[in-house]
$ cat work_17.txt   # compact mmCIF, C-alpha atoms and all ligand atoms
# COMPACT_ATOMS: atom_id res chain seq x y z
CA MET A 1 75.65 0.65 -141.45
CA ALA A 2 78.52 2.17 -143.45
CA VAL A 3 77.64 5.16 -145.63
CA ARG A 4 79.18 5.23 -149.07
CA LEU A 5 80.91 8.56 -149.64
CA SER A 6 80.78 9.73 -153.24
CA SER A 7 82.58 13.05 -152.79
CA ARG A 8 84.21 15.31 -150.21
CA ALA A 9 80.83 16.92 -149.55
CA ASP A 10 79.68 13.61 -148.00
CA ILE A 11 82.42 13.60 -145.33
CA PRO A 12 80.15 15.17 -142.65
CA ALA A 13 77.75 12.22 -143.14
CA ALA A 14 80.44 9.62 -142.43
CA ARG A 15 79.82 7.46 -139.39
CA ARG A 16 83.48 6.73 -138.79
CA ILE A 17 86.59 8.64 -139.93
CA VAL A 18 90.30 7.95 -139.43
CA VAL A 19 92.43 11.10 -139.45
CA LYS A 20 96.19 10.66 -139.81
CA VAL A 21 98.64 13.46 -139.06
CA GLY A 22 102.37 13.46 -139.79
CA SER A 23 105.22 14.37 -137.43
CA SER A 24 106.26 17.69 -138.90
CA SER A 25 102.67 19.04 -138.76
CA ILE A 26 102.41 18.79 -134.97
CA SER A 27 105.95 19.16 -133.60
CA GLY A 28 108.68 21.82 -133.53
CA GLU A 29 107.41 25.13 -134.89
CA ASN A 30 104.07 23.49 -135.75
CA THR A 31 103.29 22.25 -132.22
CA SER A 32 100.49 24.85 -132.02
CA GLN A 33 98.65 22.99 -134.80
CA ILE A 34 97.68 20.36 -132.19
CA SER A 35 95.10 22.84 -130.94
CA LEU A 36 93.71 23.46 -134.43
CA LEU A 37 93.55 19.72 -135.02
CA ALA A 38 91.76 19.13 -131.70
CA ASP A 39 89.19 21.86 -132.59
CA ALA A 40 88.33 20.10 -135.87
CA LEU A 41 88.27 16.61 -134.35
CA ALA A 42 86.06 17.86 -131.50
CA SER A 43 83.53 19.39 -133.94
CA ALA A 44 83.27 16.10 -135.81
CA HIS A 45 83.04 14.14 -132.53
CA ARG A 46 80.27 16.49 -131.32
CA ARG A 47 78.14 15.93 -134.41
CA GLY A 48 78.32 12.17 -133.70
CA THR A 49 81.08 11.05 -136.05
CA GLU A 50 83.37 8.44 -134.53
CA VAL A 51 86.88 9.81 -135.01
CA ILE A 52 90.14 7.90 -134.68
CA LEU A 53 93.38 9.88 -134.80
CA VAL A 54 96.55 8.20 -136.06
CA SER A 55 99.39 10.48 -135.04
CA SER A 56 103.11 10.27 -135.62
CA GLY A 57 105.39 12.69 -133.87
CA ALA A 58 106.71 10.65 -130.94
CA ILE A 59 110.30 10.85 -132.17
CA ALA A 60 110.02 14.49 -133.21
CA THR A 61 108.51 15.38 -129.81
CA GLY A 62 111.16 13.38 -127.94
CA ILE A 63 114.17 14.94 -129.68
CA PRO A 64 114.13 18.30 -127.83
CA LEU A 65 113.11 16.60 -124.56
CA LEU A 66 116.33 14.57 -124.75
CA SER A 67 118.31 17.62 -125.97
CA LEU A 68 119.37 15.64 -129.05
CA GLY A 69 119.51 18.66 -131.33
CA GLU A 70 118.64 16.80 -134.50
CA ARG A 71 116.90 13.58 -135.53
CA PRO A 72 119.08 10.62 -134.44
CA THR A 73 120.20 8.30 -137.23
CA ASP A 74 120.46 5.08 -135.24
CA LEU A 75 117.33 3.05 -134.59
CA ALA A 76 117.84 2.55 -130.84
CA THR A 77 118.04 6.31 -130.19
CA GLN A 78 115.03 6.87 -132.45
CA GLN A 79 113.12 4.32 -130.38
CA ALA A 80 114.27 5.97 -127.14
CA ALA A 81 113.15 9.36 -128.45
CA ALA A 82 109.79 7.83 -129.39
CA ALA A 83 109.36 6.37 -125.89
CA VAL A 84 110.03 9.76 -124.33
CA GLY A 85 108.05 11.77 -126.89
CA GLN A 86 104.94 9.58 -127.04
CA ASN A 87 103.64 10.43 -123.58
CA ALA A 88 104.40 14.14 -124.01
CA LEU A 89 102.48 14.02 -127.29
CA ILE A 90 99.48 12.33 -125.68
CA VAL A 91 99.46 14.90 -122.86
CA ARG A 92 99.37 17.68 -125.49
CA TYR A 93 96.45 16.05 -127.28
CA GLN A 94 94.57 15.37 -124.06
CA ASP A 95 95.04 18.99 -122.90
CA ALA A 96 93.67 20.24 -126.22
CA LEU A 97 90.73 17.78 -126.24
CA SER A 98 89.87 18.41 -122.57
CA ARG A 99 88.66 21.89 -123.60
CA TYR A 100 85.79 20.02 -125.26
CA GLY A 101 85.31 17.41 -122.52
CA ILE A 102 86.74 14.66 -124.75
CA THR A 103 88.81 11.81 -123.30
CA ALA A 104 91.58 10.36 -125.47
CA GLY A 105 92.77 6.75 -125.37
CA GLN A 106 96.29 5.79 -126.41
CA VAL A 107 96.54 2.78 -128.73
CA LEU A 108 100.00 1.56 -129.76
CA LEU A 109 99.97 -0.92 -132.63
CA THR A 110 102.22 -2.49 -135.21
CA ALA A 111 101.34 -3.48 -138.75
CA GLY A 112 102.21 -7.04 -137.67
CA ASP A 113 99.60 -6.89 -134.89
CA LEU A 114 96.98 -6.25 -137.54
CA GLU A 115 98.15 -9.16 -139.66
CA ASN A 116 97.89 -11.66 -136.80
CA ASP A 117 94.30 -12.87 -136.25
CA ARG A 118 94.40 -12.95 -132.49
CA SER A 119 96.00 -9.56 -131.88
CA ARG A 120 93.86 -8.09 -134.66
CA GLN A 121 90.70 -9.24 -132.90
CA ASN A 122 91.99 -7.87 -129.60
CA ALA A 123 92.75 -4.49 -131.19
CA GLN A 124 89.37 -4.42 -132.92
CA ARG A 125 87.46 -5.20 -129.73
CA ALA A 126 89.35 -2.54 -127.77
CA MET A 127 88.81 0.08 -130.48
CA GLU A 128 85.09 -0.65 -130.69
CA ARG A 129 84.75 -0.39 -126.93
CA LEU A 130 86.70 2.87 -126.81
CA MET A 131 84.38 4.37 -129.41
CA GLY A 132 81.34 2.96 -127.63
CA LEU A 133 82.54 4.89 -124.56
CA HIS A 134 82.90 8.07 -126.71
CA VAL A 135 86.66 8.03 -126.24
CA LEU A 136 88.78 9.38 -129.07
CA PRO A 137 91.47 6.75 -129.80
CA ILE A 138 94.92 8.11 -130.68
CA VAL A 139 97.00 5.49 -132.47
CA ASN A 140 100.74 5.40 -133.10
CA GLU A 141 103.16 2.70 -134.05
CA ASN A 142 104.52 0.82 -131.04
CA ASP A 143 108.04 1.99 -131.81
CA THR A 144 109.77 -0.10 -129.13
CA VAL A 145 108.87 -3.33 -130.86
CA ALA A 146 108.31 -2.27 -134.47
CA THR A 147 110.21 0.04 -136.70
CA ASP A 148 108.44 -0.11 -140.06
CA GLU A 149 106.96 3.36 -139.82
CA ILE A 150 110.19 4.83 -138.44
CA ARG A 151 112.04 3.50 -141.49
CA PHE A 152 109.48 4.45 -144.08
CA GLY A 153 106.04 5.86 -143.91
CA ASP A 154 105.55 8.03 -140.85
CA ASN A 155 102.38 5.96 -140.11
CA ASP A 156 100.77 6.30 -143.54
CA ARG A 157 100.56 2.52 -143.93
CA LEU A 158 99.47 2.00 -140.33
CA ALA A 159 96.65 4.54 -140.85
CA SER A 160 95.31 2.61 -143.84
CA LEU A 161 95.41 -0.64 -141.84
CA VAL A 162 93.55 1.04 -138.96
CA ALA A 163 90.92 2.39 -141.40
CA GLU A 164 90.41 -1.18 -142.61
CA LEU A 165 90.32 -2.55 -139.04
CA VAL A 166 87.51 -0.22 -137.98
CA SER A 167 85.75 -0.17 -141.40
CA ALA A 168 86.06 3.61 -141.63
CA GLU A 169 84.20 5.26 -144.51
CA CYS A 170 86.89 7.89 -144.86
CA LEU A 171 90.62 8.25 -144.22
CA VAL A 172 91.96 11.81 -144.06
CA LEU A 173 95.74 11.95 -144.56
CA LEU A 174 97.16 15.24 -143.28
CA SER A 175 100.68 16.54 -143.91
CA ASP A 176 102.42 19.84 -144.68
CA VAL A 177 101.35 19.67 -148.34
CA ASP A 178 97.77 20.59 -149.29
CA ALA A 179 97.22 18.00 -152.06
CA LEU A 180 98.81 15.46 -154.35
CA TYR A 181 100.63 17.34 -157.12
CA THR A 182 101.45 16.27 -160.66
CA ARG A 183 105.13 16.46 -159.65
CA PRO A 184 106.88 17.37 -156.37
CA PRO A 185 105.24 20.69 -155.39
CA THR A 186 108.57 22.53 -155.19
CA GLU A 187 109.14 21.90 -158.91
CA ALA A 188 107.98 24.32 -161.60
CA GLY A 189 104.73 23.37 -163.32
CA ALA A 190 103.43 21.23 -160.44
CA ARG A 191 99.61 21.24 -160.40
CA PRO A 192 97.29 19.88 -157.67
CA VAL A 193 95.26 16.79 -158.52
CA GLY A 194 91.58 17.19 -157.49
CA VAL A 195 90.21 13.67 -157.81
CA VAL A 196 91.84 10.28 -158.36
CA PRO A 197 89.24 7.89 -159.80
CA TYR A 198 89.29 4.35 -158.36
CA GLY A 199 91.95 2.25 -160.08
CA ASP A 200 93.57 5.24 -161.80
CA GLY A 201 97.20 4.44 -162.62
CA LEU A 202 98.32 8.05 -161.99
CA GLU A 203 100.11 8.09 -165.34
CA GLY A 204 102.00 11.32 -165.91
CA ILE A 205 102.28 12.00 -162.19
CA THR A 206 105.71 12.00 -160.54
CA VAL A 207 105.27 11.01 -156.91
CA GLY A 208 108.13 11.99 -154.59
CA SER A 209 109.34 9.70 -151.80
CA VAL A 210 110.99 12.29 -149.57
CA GLY A 211 109.11 13.65 -146.58
CA THR A 212 109.38 17.21 -145.34
CA GLY A 213 110.97 18.28 -142.06
CA LEU A 214 110.93 15.79 -139.21
CA GLY A 215 108.79 13.01 -140.66
CA THR A 216 109.71 10.16 -142.94
CA GLY A 217 106.68 9.86 -145.20
CA GLY A 218 106.49 11.44 -148.64
CA ALA A 219 103.80 11.47 -151.30
CA LEU A 220 104.77 7.91 -152.27
CA THR A 221 103.74 6.35 -148.95
CA LYS A 222 100.58 8.48 -148.92
CA VAL A 223 99.55 7.32 -152.38
CA ALA A 224 100.28 3.69 -151.42
CA ALA A 225 98.20 4.09 -148.23
CA ALA A 226 95.40 5.83 -150.16
CA ARG A 227 95.29 3.03 -152.73
CA TYR A 228 95.19 0.35 -150.04
CA ALA A 229 92.32 2.11 -148.27
CA ALA A 230 90.45 2.72 -151.55
CA ASP A 231 90.75 -1.02 -152.32
CA CYS A 232 89.08 -1.69 -148.94
CA GLY A 233 86.17 0.64 -149.84
CA THR A 234 87.40 3.62 -147.80
CA ALA A 235 87.42 7.03 -149.48
CA VAL A 236 90.60 9.04 -148.89
CA LEU A 237 91.19 12.77 -148.67
CA LEU A 238 94.79 13.92 -148.77
CA THR A 239 95.31 17.50 -147.60
CA SER A 240 97.27 19.73 -145.21
CA THR A 241 96.87 19.87 -141.44
CA ALA A 242 96.10 23.60 -141.75
CA GLN A 243 92.97 22.62 -143.72
CA VAL A 244 91.71 19.91 -141.36
CA SER A 245 88.59 21.88 -140.42
CA GLN A 246 87.61 22.42 -144.08
CA ALA A 247 88.36 18.75 -144.78
CA LEU A 248 86.09 17.43 -142.01
CA THR A 249 83.26 19.77 -142.98
CA GLY A 250 83.28 18.63 -146.61
CA LYS A 251 84.87 21.65 -148.29
CA ASN A 252 86.58 21.41 -151.65
CA VAL A 253 90.19 20.94 -150.48
CA GLY A 254 92.97 18.43 -151.15
CA THR A 255 92.94 15.33 -153.33
CA TRP A 256 89.99 12.92 -153.19
CA PHE A 257 90.68 9.23 -153.88
CA GLU A 258 87.50 7.47 -154.90
CA PRO A 259 86.99 4.10 -153.18
CA LEU A 260 86.13 0.75 -154.70
CA VAL A 261 82.38 0.33 -154.85
CA SER A 262 81.49 -3.24 -154.02
CA ALA A 263 78.50 -4.77 -155.78
N1 LIG B 1 106.03 6.26 -134.98
C1 LIG B 1 107.03 7.25 -135.30
C2 LIG B 1 106.77 8.52 -134.50
O1 LIG B 1 105.70 8.68 -133.98
C3 LIG B 1 107.02 7.37 -136.77
C4 LIG B 1 107.35 8.66 -137.37
C5 LIG B 1 108.78 8.94 -137.76
O2 LIG B 1 109.44 8.10 -138.35
O3 LIG B 1 109.17 10.09 -137.52
O4 LIG B 1 107.62 9.33 -134.33
$ encode --input "work_17.txt" --output "structure tokens" --more "lines below"
Ligand code: GLU
Amino acid sequence: MAVRLSSRADIPAARRIVVKVGSSSISGENTSQISLLADALASAHRRGTEVILVSSGAIATGIPLLSLGERPTDLATQQAAAAVGQNALIVRYQDALSRYGITAGQVLLTAGDLENDRSRQNAQRAMERLMGLHVLPIVNENDTVATDEIRFGDNDRLASLVAELVSAECLVLLSDVDALYTRPPTEAGARPVGVVPYGDGLEGITVGSVGTGLGTGGALTKVAAARYAADCGTAVLLTSTAQVSQALTGKNVGTWFEPLVSA
């Protein structure tokens, strides 16, 4: 039975949580954050929460492995980098999770898979079984056949679709920025937004579309993903990867998007 979360403090009571992390938080100079992320996911897993990780970072991880120097601009090389980086990324996660005796399962999906009834049912059945076996699913876009999240989003949209697929009570969107700000956080006068009530139009807030570093998502795709999830009844916490432990233990961090409460 799904628990309705009314505030961040309820996060530890959630039965099922989707955590999404962006490329620049777990690659390059931030590769060591994989360990911090695994620590927080393992604590939640240990207390009985079913955790699904949606992780980008295949392209960013593949770039140095192919000695490309910088992010390729053509799609085929981006896809090649993703193919090479994805397995290295999974090995890094598995190494970090093995310290806690947790087995990860790789799930590669496209938004289109989740829109098609048959593949949606297949994905749902596999995810349920993985969680029944206490495996921690790690989802990424299947970049060889789909390129939506490469072009825009860095998996923000995919994470909201996965949260809907598994009826998660909470979606935690992690990036390099600790909250939604009233304007891009590098601009003077930007203030963090604590709570976004359900249906709030975010008037007076300037949401940027440019991601930081190696990813492609910005605040715009995060807000769109948060709204989609909130419409499906999933509460959303948007915060930084550095604060993942505080986020999963219900501390007062980030921006909380209140979900739709169905009658
Ligand atoms: N699925 C891609 C990845 O894992 C999306 C992120 C991106 O565009 O950098 O790398």
$ closest_residue --input "work_17.txt" --among "A:Arg71, A:Arg227, A:His134, A:Lys251" --to "ligand LIG 1 (chain B)" --atoms "only C-alpha atoms and all ligand atoms"
A:Arg71
$ closest_atom_pairs --input "work_17.txt" --of "chain A" --to "ligand LIG 1 (chain B)" --cutoff "9 Å" --atoms "all atoms listed in the file" --output "tab-separated table"
residue	atom	partner	partner_atom	distance
A:Gly22	CA	B:LIG1	C4	7.3
A:Ser23	CA	B:LIG1	O3	5.8
A:Ser24	CA	B:LIG1	O3	8.3
A:Ser55	CA	B:LIG1	O1	6.6
A:Ser56	CA	B:LIG1	O1	3.5
A:Gly57	CA	B:LIG1	O1	4.0
A:Ala58	CA	B:LIG1	O4	3.8
A:Ile59	CA	B:LIG1	O4	3.8
A:Ala60	CA	B:LIG1	O4	5.8
A:Thr61	CA	B:LIG1	O4	7.6
A:Gly62	CA	B:LIG1	O4	8.4
A:Arg71	CA	B:LIG1	O3	8.7
A:Gln78	CA	B:LIG1	O4	8.0
A:Gln79	CA	B:LIG1	C1	8.4
A:Ala81	CA	B:LIG1	O4	8.1
A:Ala82	CA	B:LIG1	O4	5.6
A:Gly85	CA	B:LIG1	O4	7.8
A:Gln86	CA	B:LIG1	O1	7.0
A:Asn140	CA	B:LIG1	N1	5.7
A:Glu141	CA	B:LIG1	N1	4.7
A:Asn142	CA	B:LIG1	N1	6.9
A:Asp143	CA	B:LIG1	N1	5.7
A:Ala146	CA	B:LIG1	N1	8.8
A:Thr147	CA	B:LIG1	N1	7.7
A:Asp148	CA	B:LIG1	C3	8.3
A:Glu149	CA	B:LIG1	C3	5.0
A:Ile150	CA	B:LIG1	O2	3.4
A:Arg151	CA	B:LIG1	O2	6.1
A:Phe152	CA	B:LIG1	O2	6.8
A:Gly153	CA	B:LIG1	O2	6.9
A:Asp154	CA	B:LIG1	C4	4.0
A:Asn155	CA	B:LIG1	C3	5.9
A:Leu214	CA	B:LIG1	O3	6.2
A:Gly215	CA	B:LIG1	O3	4.3
A:Thr216	CA	B:LIG1	O2	5.0
A:Gly217	CA	B:LIG1	O2	7.6
$ atom_distance --input "work_17.txt" --atom1 "CA of Glu50 in chain A" --atom2 "CA of Pro137 in chain A"
9.5 Å
$ residues_near_point --input "work_17.txt" --point "(111.0, 16.1, -159.2)" --cutoff "10 Å" --atoms "only C-alpha atoms" --output "PyMOL selection string"
chain A and resi 182-188+190+206-209
$ closest_residue --input "work_17.txt" --among "A:Leu237, A:Ala96, A:Val3, A:Leu130" --to "Val195 in chain A" --atoms "all atoms listed in the file"
A:Leu237
$ axis_aligned_box --input "work_17.txt" --around "range 239-255 of chain A" --padding-each-side "6 Å" --output "lines of an AutoDock Vina configuration file"
center_x = 90.3
center_y = 19.5
center_z = -146.9
size_x = 26.0
size_y = 20.3
size_z = 24.9
